[in-house]
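**Student:** My structure file start-v8.cif, mmCIF, C-alpha atoms and all ligand atoms, is below:
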data_start
loop_
_atom_site.label_atom_id
_atom_site.label_comp_id
_atom_site.auth_asym_id
_atom_site.auth_seq_id
_atom_site.Cartn_x
_atom_site.Cartn_y
_atom_site.Cartn_z
CA MET A 7 -34.33 -5.12 -22.75
CA LYS A 8 -32.66 -7.52 -20.33
CA LEU A 9 -30.10 -5.90 -18.06
CA ASN A 10 -28.11 -7.29 -15.15
CA ILE A 11 -27.31 -4.44 -12.82
CA ALA A 12 -24.79 -4.64 -9.97
CA VAL A 13 -25.90 -2.46 -7.06
CA LEU A 14 -23.21 -1.13 -4.71
CA GLY A 15 -24.77 1.11 -2.09
CA GLY A 16 -21.47 1.67 -0.25
CA ASP A 17 -21.22 3.98 2.75
CA GLY A 18 -23.11 6.84 4.38
CA ILE A 19 -26.23 7.84 2.47
CA GLY A 20 -25.21 5.62 -0.48
CA PRO A 21 -27.56 2.68 0.28
CA GLU A 22 -30.64 4.85 0.92
CA VAL A 23 -30.30 7.01 -2.20
CA ILE A 24 -29.47 3.98 -4.34
CA ALA A 25 -32.62 2.27 -3.02
CA GLN A 26 -34.62 5.15 -4.57
CA ALA A 27 -32.72 4.80 -7.85
CA VAL A 28 -33.53 1.07 -7.93
CA LYS A 29 -37.18 1.90 -7.17
CA CYS A 30 -37.20 4.17 -10.23
CA LEU A 31 -35.51 1.56 -12.42
CA GLN A 32 -38.15 -0.94 -11.31
CA ALA A 33 -40.84 1.57 -12.28
CA VAL A 34 -39.22 1.86 -15.72
CA GLU A 35 -39.00 -1.93 -15.96
CA GLU A 36 -42.70 -2.28 -15.18
CA ASN A 37 -43.85 0.56 -17.39
CA PHE A 38 -41.74 -0.16 -20.46
CA GLY A 39 -41.72 -3.97 -20.23
CA HIS A 40 -38.01 -4.54 -19.55
CA ASP A 41 -36.33 -7.25 -17.55
CA PHE A 42 -33.85 -5.87 -15.03
CA THR A 43 -32.04 -7.98 -12.44
CA PHE A 44 -30.42 -6.27 -9.45
CA THR A 45 -27.59 -7.91 -7.47
CA ASN A 46 -26.10 -6.25 -4.40
CA GLY A 47 -22.37 -6.14 -3.72
CA LEU A 48 -20.15 -4.86 -0.92
CA ILE A 49 -17.74 -1.93 -1.21
CA GLY A 50 -16.13 0.67 1.06
CA ALA A 51 -16.16 0.77 4.85
CA ALA A 52 -19.11 -1.62 4.89
CA ALA A 53 -16.96 -4.14 2.99
CA ILE A 54 -13.91 -3.56 5.24
CA GLU A 55 -16.02 -4.36 8.28
CA LYS A 56 -17.32 -7.61 6.83
CA THR A 57 -14.35 -8.88 4.80
CA GLY A 58 -11.28 -6.79 5.67
CA SER A 59 -11.12 -5.48 2.10
CA PRO A 60 -12.74 -2.30 0.72
CA ILE A 61 -13.45 -4.18 -2.50
CA PRO A 62 -13.81 -7.96 -2.16
CA GLU A 63 -13.02 -9.96 -5.32
CA GLU A 64 -16.68 -11.08 -5.51
CA THR A 65 -17.70 -7.46 -5.98
CA VAL A 66 -15.22 -6.95 -8.81
CA ALA A 67 -16.44 -10.18 -10.46
CA LEU A 68 -20.08 -9.12 -9.98
CA CYS A 69 -19.45 -5.78 -11.70
CA LYS A 70 -17.46 -7.36 -14.53
CA ASN A 71 -20.21 -9.89 -15.14
CA SER A 72 -23.02 -7.33 -15.03
CA ASP A 73 -24.14 -5.05 -17.85
CA ALA A 74 -23.72 -2.01 -15.60
CA THR A 75 -23.04 -0.99 -12.02
CA LEU A 76 -25.02 1.45 -9.95
CA PHE A 77 -22.87 2.87 -7.18
CA GLY A 78 -23.84 5.02 -4.18
CA ALA A 79 -21.07 6.65 -2.16
CA ILE A 80 -17.94 5.84 -0.25
CA GLY A 81 -16.14 7.00 2.89
CA THR A 82 -16.74 7.31 6.62
CA PRO A 83 -15.42 9.80 9.19
CA GLU A 84 -13.44 7.13 11.10
CA TYR A 85 -11.14 6.70 8.13
CA ASP A 86 -11.14 10.39 7.16
CA ASN A 87 -9.77 11.23 10.57
CA ASP A 88 -7.07 8.58 10.50
CA PRO A 89 -4.36 9.51 8.00
CA MET A 90 -2.39 6.40 8.97
CA ALA A 91 -5.23 3.93 8.20
CA LYS A 92 -3.84 0.86 6.40
CA VAL A 93 -6.93 0.38 4.24
CA ARG A 94 -9.33 3.11 3.17
CA PRO A 95 -12.89 2.79 1.86
CA GLU A 96 -11.99 5.04 -1.10
CA ASP A 97 -9.35 2.52 -2.22
CA GLY A 98 -12.26 0.23 -3.08
CA LEU A 99 -13.77 2.72 -5.52
CA LEU A 100 -10.43 3.63 -7.10
CA TYR A 101 -9.52 -0.05 -7.51
CA LEU A 102 -12.88 -0.78 -9.11
CA ARG A 103 -12.58 2.14 -11.56
CA LYS A 104 -9.15 0.87 -12.58
CA GLU A 105 -10.14 -2.81 -12.79
CA LEU A 106 -13.16 -1.98 -14.95
CA ASP A 107 -10.99 0.47 -16.93
CA LEU A 108 -13.63 3.21 -16.66
CA PHE A 109 -11.49 5.80 -18.35
CA THR A 110 -14.14 8.45 -19.02
CA ASN A 111 -16.17 10.05 -16.28
CA ILE A 112 -19.04 12.16 -17.60
CA ARG A 113 -20.56 14.75 -15.27
CA PRO A 114 -23.42 16.79 -16.77
CA ILE A 115 -24.28 20.06 -15.00
CA LYS A 116 -27.54 21.72 -15.96
CA ALA A 117 -29.42 24.47 -14.16
CA PHE A 118 -33.02 23.52 -13.40
CA PRO A 119 -35.37 26.48 -13.87
CA ALA A 120 -37.37 25.49 -10.76
CA LEU A 121 -34.24 25.49 -8.59
CA ILE A 122 -32.36 28.54 -9.82
CA LYS A 123 -33.29 30.43 -6.67
CA ASN A 124 -31.36 27.83 -4.67
CA SER A 125 -28.11 28.52 -6.46
CA PRO A 126 -25.48 30.51 -4.57
CA LEU A 127 -25.03 32.41 -7.85
CA LYS A 128 -27.24 35.25 -9.05
CA ARG A 129 -30.14 34.20 -11.27
CA ASN A 130 -28.74 35.90 -14.39
CA ILE A 131 -25.43 34.05 -13.99
CA ILE A 132 -26.78 30.55 -13.43
CA THR A 133 -29.64 30.73 -15.97
CA GLY A 134 -28.86 28.72 -19.07
CA THR A 135 -26.01 26.73 -17.55
CA ASP A 136 -25.69 23.46 -19.44
CA LEU A 137 -22.23 21.99 -19.46
CA VAL A 138 -20.64 18.59 -19.13
CA ILE A 139 -17.30 17.64 -17.66
CA TYR A 140 -15.35 14.80 -19.28
CA ARG A 141 -12.91 13.72 -16.61
CA GLU A 142 -10.14 11.17 -17.19
CA LEU A 143 -10.75 8.59 -14.46
CA VAL A 144 -8.09 5.89 -14.30
CA SER A 145 -4.75 7.62 -14.45
CA GLY A 146 -2.91 10.79 -13.40
CA MET A 147 -2.05 11.69 -9.86
CA TYR A 148 -4.60 9.30 -8.37
CA PHE A 149 -2.91 6.24 -9.81
CA GLY A 150 0.77 7.21 -10.25
CA GLU A 151 3.42 5.68 -8.03
CA LYS A 152 3.11 6.76 -4.42
CA SER A 153 5.77 6.91 -1.77
CA LEU A 154 6.21 7.78 1.86
CA SER A 155 9.70 8.08 3.32
CA GLU A 156 10.58 5.75 6.16
CA ASP A 157 10.45 8.52 8.74
CA GLY A 158 7.04 9.53 7.40
CA THR A 159 8.06 13.10 6.55
CA ILE A 160 8.18 13.03 2.73
CA ALA A 161 5.40 11.82 0.44
CA THR A 162 4.94 11.74 -3.33
CA ASP A 163 2.12 11.01 -5.80
CA LEU A 164 3.42 10.75 -9.33
CA CYS A 165 1.27 12.40 -12.00
CA ARG A 166 1.82 10.34 -15.12
CA TYR A 167 -0.11 10.31 -18.39
CA THR A 168 0.43 8.49 -21.66
CA GLU A 169 -0.67 9.79 -25.04
CA ASN A 170 -3.14 6.94 -25.36
CA GLU A 171 -4.74 7.65 -21.97
CA ILE A 172 -5.30 11.24 -23.05
CA SER A 173 -6.53 10.55 -26.55
CA ARG A 174 -9.16 7.95 -25.66
CA VAL A 175 -11.01 10.28 -23.27
CA ALA A 176 -10.45 13.26 -25.60
CA HIS A 177 -12.21 11.47 -28.47
CA MET A 178 -15.20 10.78 -26.20
CA ALA A 179 -15.33 14.47 -25.28
CA PHE A 180 -15.08 15.72 -28.88
CA LYS A 181 -17.83 13.33 -29.98
CA ALA A 182 -20.03 14.70 -27.21
CA ALA A 183 -19.25 18.32 -28.18
CA LYS A 184 -20.24 17.57 -31.78
CA LYS A 185 -23.69 16.47 -30.59
CA ARG A 186 -24.05 19.35 -28.13
CA LYS A 187 -23.20 23.04 -28.58
CA GLY A 188 -19.97 22.36 -30.50
CA LYS A 189 -17.51 23.77 -27.93
CA LEU A 190 -14.74 22.00 -26.07
CA THR A 191 -12.50 23.54 -23.42
CA LEU A 192 -9.44 21.68 -22.21
CA VAL A 193 -8.71 22.78 -18.64
CA ASP A 194 -5.12 22.26 -17.53
CA LYS A 195 -2.05 23.72 -15.81
CA ALA A 196 0.16 23.77 -18.90
CA HIS A 197 2.06 26.79 -17.55
CA ALA A 198 3.33 24.62 -14.68
CA LEU A 199 2.96 20.92 -15.39
CA GLU A 200 4.63 18.70 -17.98
CA THR A 201 1.63 16.34 -18.04
CA SER A 202 -0.63 19.30 -18.89
CA ARG A 203 1.66 20.24 -21.78
CA LEU A 204 1.31 16.68 -23.11
CA TRP A 205 -2.49 16.99 -22.76
CA ARG A 206 -2.42 20.23 -24.78
CA LYS A 207 -0.28 18.71 -27.53
CA VAL A 208 -2.34 15.53 -27.86
CA VAL A 209 -5.74 17.22 -27.62
CA THR A 210 -4.78 20.03 -30.01
CA ASN A 211 -3.84 17.39 -32.60
CA ILE A 212 -7.10 15.52 -32.09
CA ALA A 213 -9.06 18.78 -32.45
CA GLU A 214 -8.04 18.88 -36.13
CA SER A 215 -10.22 15.84 -36.78
CA TYR A 216 -13.21 17.66 -35.31
CA PRO A 217 -13.29 20.91 -37.32
CA GLU A 218 -16.93 21.52 -36.37
CA VAL A 219 -15.93 21.78 -32.69
CA GLU A 220 -14.60 25.09 -31.42
CA PHE A 221 -11.59 24.07 -29.30
CA THR A 222 -9.92 26.19 -26.63
CA CYS A 223 -7.47 25.58 -23.80
CA MET A 224 -7.84 27.29 -20.44
CA TYR A 225 -5.70 27.27 -17.32
CA LEU A 226 -7.39 25.81 -14.27
CA ASP A 227 -6.96 29.12 -12.46
CA HIS A 228 -8.94 30.95 -15.12
CA ALA A 229 -11.50 28.16 -15.54
CA SER A 230 -12.33 27.99 -11.84
CA MET A 231 -13.16 31.71 -11.91
CA SER A 232 -15.01 31.59 -15.23
CA ILE A 233 -17.21 28.75 -14.05
CA LEU A 234 -18.50 31.03 -11.31
CA LEU A 235 -18.76 34.15 -13.45
CA GLU A 236 -20.03 32.74 -16.74
CA PRO A 237 -21.01 29.08 -16.37
CA SER A 238 -23.23 29.25 -19.45
CA SER A 239 -20.22 30.02 -21.66
CA PHE A 240 -19.03 26.39 -21.28
CA ASP A 241 -20.20 23.36 -23.20
CA VAL A 242 -17.85 20.38 -22.86
CA ILE A 243 -14.95 20.62 -20.41
CA LEU A 244 -12.17 18.06 -20.76
CA ALA A 245 -9.80 17.55 -17.85
CA SER A 246 -7.38 15.18 -16.20
CA ASN A 247 -8.46 13.08 -13.23
CA MET A 248 -7.54 15.50 -10.44
CA ILE A 249 -8.59 18.69 -12.24
CA GLY A 250 -11.90 17.14 -13.32
CA ASP A 251 -12.60 16.05 -9.76
CA ILE A 252 -12.16 19.53 -8.33
CA LEU A 253 -14.00 21.37 -11.10
CA SER A 254 -16.97 19.02 -10.95
CA ALA A 255 -17.25 19.40 -7.18
CA GLN A 256 -17.35 23.16 -7.69
CA CYS A 257 -20.07 22.83 -10.32
CA ASN A 258 -21.96 20.44 -8.09
CA VAL A 259 -23.09 23.22 -5.78
CA LEU A 260 -23.72 25.82 -8.49
CA ILE A 261 -27.09 24.48 -9.45
CA GLY A 262 -28.63 24.67 -6.00
CA SER A 263 -27.64 21.60 -4.02
CA ALA A 264 -24.89 19.01 -3.86
CA GLY A 265 -27.57 16.33 -4.05
CA LEU A 266 -28.57 16.72 -7.67
CA LEU A 267 -25.79 15.72 -10.02
CA PRO A 268 -25.18 12.27 -11.49
CA SER A 269 -22.23 10.82 -13.32
CA ALA A 270 -21.45 8.05 -15.77
CA SER A 271 -18.10 6.27 -15.82
CA ILE A 272 -17.57 4.53 -19.11
CA GLY A 273 -14.94 2.08 -20.32
CA ALA A 274 -14.66 -0.09 -23.40
CA GLU A 275 -16.37 -3.00 -21.67
CA ASN A 276 -17.91 -1.72 -18.46
CA ALA A 277 -20.02 1.15 -17.25
CA MET A 278 -20.78 2.48 -13.78
CA PHE A 279 -23.23 5.16 -12.73
CA GLU A 280 -22.90 7.14 -9.54
CA PRO A 281 -24.01 10.41 -7.94
CA ILE A 282 -21.26 13.03 -7.58
CA HIS A 283 -22.09 13.82 -3.97
CA GLY A 284 -20.13 11.98 -1.32
CA SER A 285 -21.27 9.74 1.50
CA TYR A 286 -22.58 12.62 3.67
CA PRO A 287 -22.28 10.55 6.88
CA GLN A 288 -24.09 13.17 9.00
CA ALA A 289 -27.30 12.37 7.12
CA LYS A 290 -26.97 8.58 7.09
CA ASP A 291 -30.20 6.75 7.94
CA LYS A 292 -32.05 9.99 8.67
CA ASN A 293 -34.17 9.81 5.53
CA ILE A 294 -33.15 13.36 4.60
CA ALA A 295 -30.61 12.77 1.81
CA ASN A 296 -31.56 13.95 -1.66
CA PRO A 297 -32.09 10.89 -3.89
CA VAL A 298 -32.16 12.92 -7.14
CA ALA A 299 -28.45 12.55 -8.03
CA ALA A 300 -28.77 8.78 -7.64
CA ILE A 301 -32.02 8.73 -9.63
CA PHE A 302 -30.43 10.79 -12.42
CA SER A 303 -27.51 8.34 -12.38
CA ALA A 304 -30.03 5.55 -13.02
CA ALA A 305 -31.40 7.64 -15.91
CA LEU A 306 -27.89 7.92 -17.38
CA LEU A 307 -27.61 4.14 -17.13
CA LEU A 308 -30.72 3.77 -19.26
CA GLU A 309 -29.50 6.36 -21.75
CA HIS A 310 -26.20 4.46 -22.04
CA PHE A 311 -28.16 1.46 -23.33
CA GLY A 312 -30.07 3.63 -25.82
CA LEU A 313 -33.27 3.76 -23.75
CA GLN A 314 -33.95 7.41 -24.49
CA GLU A 315 -37.67 7.38 -23.83
CA GLU A 316 -37.06 5.75 -20.47
CA PHE A 317 -34.37 8.34 -19.69
CA ASN A 318 -36.83 11.10 -20.53
CA ALA A 319 -39.51 9.52 -18.32
CA ILE A 320 -37.19 9.69 -15.28
CA VAL A 321 -36.03 13.23 -16.03
CA SER A 322 -39.62 14.48 -16.45
CA ALA A 323 -40.70 12.78 -13.24
CA VAL A 324 -37.85 14.48 -11.35
CA HIS A 325 -38.75 17.86 -12.87
CA LYS A 326 -42.29 17.34 -11.74
CA SER A 327 -41.09 16.68 -8.18
CA PHE A 328 -39.28 20.05 -8.31
CA MET A 329 -42.34 21.86 -9.63
CA LYS A 330 -44.56 20.31 -6.98
CA LYS A 331 -41.96 20.97 -4.29
CA ILE A 332 -41.77 17.30 -3.39
CA VAL A 333 -38.12 17.73 -2.50
CA THR A 334 -35.73 16.99 0.33
CA ILE A 335 -34.57 19.45 2.96
CA ASP A 336 -31.45 20.58 1.06
CA ILE A 337 -33.76 22.09 -1.56
CA MET A 338 -36.45 23.46 0.74
CA GLY A 339 -35.85 23.90 4.46
CA SER A 340 -39.54 23.63 5.30
CA THR A 341 -40.15 20.42 3.37
CA LYS A 342 -42.22 17.58 4.78
CA TYR A 343 -40.67 15.03 2.48
CA GLY A 344 -37.87 12.60 3.11
CA THR A 345 -35.62 10.52 0.85
CA SER A 346 -38.10 7.67 0.46
CA SER A 347 -41.19 9.80 -0.18
CA VAL A 348 -39.37 11.80 -2.87
CA GLY A 349 -38.29 8.45 -4.38
CA ASP A 350 -41.88 7.16 -4.19
CA PHE A 351 -43.22 10.24 -5.94
CA ILE A 352 -40.69 10.07 -8.76
CA ALA A 353 -41.18 6.31 -9.24
CA ARG A 354 -44.97 6.73 -9.34
CA ASN A 355 -44.67 9.48 -11.93
CA ILE A 356 -42.47 7.33 -14.15
CA VAL A 357 -45.33 4.85 -14.36
CA ASP A 358 -48.02 7.48 -14.69
CA ALA A 359 -46.84 10.94 -15.68
CA ASP A 360 -50.22 12.40 -14.73
CA ASP A 361 -50.22 10.90 -11.29
CA ASN A 362 -50.39 13.65 -8.76
CA LEU A 363 -49.89 11.14 -5.97
CA ASN A 364 -52.12 11.43 -3.00
CA ILE A 365 -49.75 12.17 -0.24
CA ASN A 366 -50.88 11.02 3.18
CA ASP A 367 -49.73 13.86 5.40
CA GLU A 368 -49.97 11.78 8.54
CA ASN A 369 -47.45 9.31 7.24
CA ILE A 370 -44.93 11.85 6.11
CA GLY A 371 -41.81 11.46 8.13
CA LEU A 372 -38.81 9.34 8.61
CA GLY A 373 -38.88 6.07 6.76
CA LYS A 374 -42.65 5.87 6.36
CA SER A 375 -44.41 5.29 3.11
CA THR A 376 -46.40 8.33 2.09
CA ILE A 377 -48.47 6.78 -0.64
CA ILE A 378 -52.09 6.13 0.20
C1 LIG A 401 -15.50 11.52 -6.85
C2 LIG A 401 -14.97 11.31 -5.47
C3 LIG A 401 -13.79 10.34 -5.49
C4 LIG A 401 -12.72 10.96 -6.38
C5 LIG A 401 -13.25 10.00 -4.11
C6 LIG A 401 -14.31 9.40 -3.21
C7 LIG A 401 -12.04 9.09 -4.16
O1 LIG A 401 -14.60 12.51 -4.89
O2 LIG A 401 -15.94 10.55 -7.48
O3 LIG A 401 -15.52 12.67 -7.30
O4 LIG A 401 -11.92 11.79 -5.92
O5 LIG A 401 -12.69 10.59 -7.55
MN MN A 402 -14.98 14.29 -6.10
#
Could you render the structure from this file as structure tokens?
**Tutor:**
Amino acid sequence: MKLNIAVLGGDGIGPEVIAQAVKCLQAVEENFGHDFTFTNGLIGAAAIEKTGSPIPEETVALCKNSDATLFGAIGTPEYDNDPMAKVRPEDGLLYLRKELDLFTNIRPIKAFPALIKNSPLKRNIITGTDLVIYRELVSGMYFGEKSLSEDGTIATDLCRYTENEISRVAHMAFKAAKKRKGKLTLVDKAHALETSRLWRKVVTNIAESYPEVEFTCMYLDHASMSILLEPSSFDVILASNMIGDILSAQCNVLIGSAGLLPSASIGAENAMFEPIHGSYPQAKDKNIANPVAAIFSAALLLEHFGLQEEFNAIVSAVHKSFMKKIVTIDIMGSTKYGTSSVGDFIARNIVDADDNLNINDENIGLGKSTII
């Protein structure tokens, strides 16, 4: 298959983890005889520095003209600590999501048997966790009208949803539930918010066309507790933009590290794949960031284009890295492996699943290749 892939490393650890994802896609390309082209684009603080804009028009055009976008992370402490900043790196990502109309954000959360001991939850609670969050991504409080009074003391963010915005993501979620365990939970604040009541009405109507899916509604308060107490009772969770963001961040750490979970953002014409973790600026350029979330995001990209065998090859190679403890420091404090050597191992195992990779201990360390 021929695929043009836009690569936006972004800020913090974004570029280094995305480099490992590209390495794995190149391994897939070589092994399965595909033709992938990678084109880099600027976004975030890196783009502000070079062009003044967090999302130059060339980047938007690049993504629109590509088959898919692979995105790293966004945000730097300078902007985080300046609430009055005129432009923010994050604006670049939000603008891109809106421009590409990526209305469904899919965040799968699955416990890995080899990493259960890393979870902050007890083994019996985390075992069997396999859920996916369908988050609305281009509307709600993130994109409603904003205001700040002249004296800077009153601010608003309008939370606005239309029936159509709700139903298009809801259909995606129900279709997924049908193929999975047949359960869908809408998480909302319908006891307090008008928009949540509209979500309940619209989604309850849609549920009638999916009789094979067991549909329930749950308040966010209850859901945020249940996810910690009984994560394996969930299958598909459907939520608005803001609620989906918070719930997925909570799930992100359940499975053992914030560096493991990928996401897919899908629209009618565009698709973007990105790890859930943020830019983790403290780890930037230290070769310690976990590349697995980015590598899984690349796997989701392949799955999106129907390349199931290729998806499986990446997932198995990652599992093997867990089994062999070729992992970054967030997974195992005493590890000798850095971002690039974990990426090397996974890429090598995509090409040859039996490759045990001769690791050259002397070369293990920051930024060095570990393959003999
Ligand atoms: C995410 C991120 C973004 C969001 C930020 C960087 C704007 O947290 O993708 O989850 O809130 O959507
Ligand atoms: Mn988030």
**Student:** Please report, as CSV, each residue of chain A lying at most 7 Å from ligand MN 402 (chain A), together with the nearest pair of atoms and the separation in Å rounded to one decimal; use only C-alpha atoms and all ligand atoms, and order rows by chain and ascending residue number.
**Tutor:**
residue,atom,partner,partner_atom,distance
A:Asp251,CA,A:MN402,MN,4.7
A:Ile252,CA,A:MN402,MN,6.4
A:Ala255,CA,A:MN402,MN,5.7
A:Ile282,CA,A:MN402,MN,6.6
**Student:** Would you kindly identify which residues have an atom no farther than 7 Å from (-14.4, 4.0, -0.1), using only C-alpha atoms and the file's own coordinates, and write them out as JSON, numbers by chain?
**Tutor:** {"A": [49, 50, 51, 60, 80, 81, 94, 95, 96, 97, 98, 99]}
**Student:** Please, what distance in Å, to one decimal, runs between CA of Gly78 in chain A and CA of Val34 in chain A?
**Tutor:**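 So the answer is 19.5 Å.
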**Student:** As lines of an AutoDock Vina configuration file, please report the centre and edge lengths, rounded to one decimal in Å, of the axis-aligned box that holds all listed atoms of ligand LIG 401 (chain A) with 6 Å of padding on each of the six sides.
**Tutor:**
center_x = -13.9
center_y = 10.9
center_z = -5.4
size_x = 16.0
size_y = 15.6
size_z = 16.3
**Student:** Can you pull out every residue within 6 Å of Gly265 in chain A, counting all atoms listed in the file, but drop anything in the same chain fewer than 2 positions away, and send it as a list of chain:residue names?
**Tutor:**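 Once the adjacent positions are removed, what remains is A:Ser263, A:Asn296, A:Ala299.
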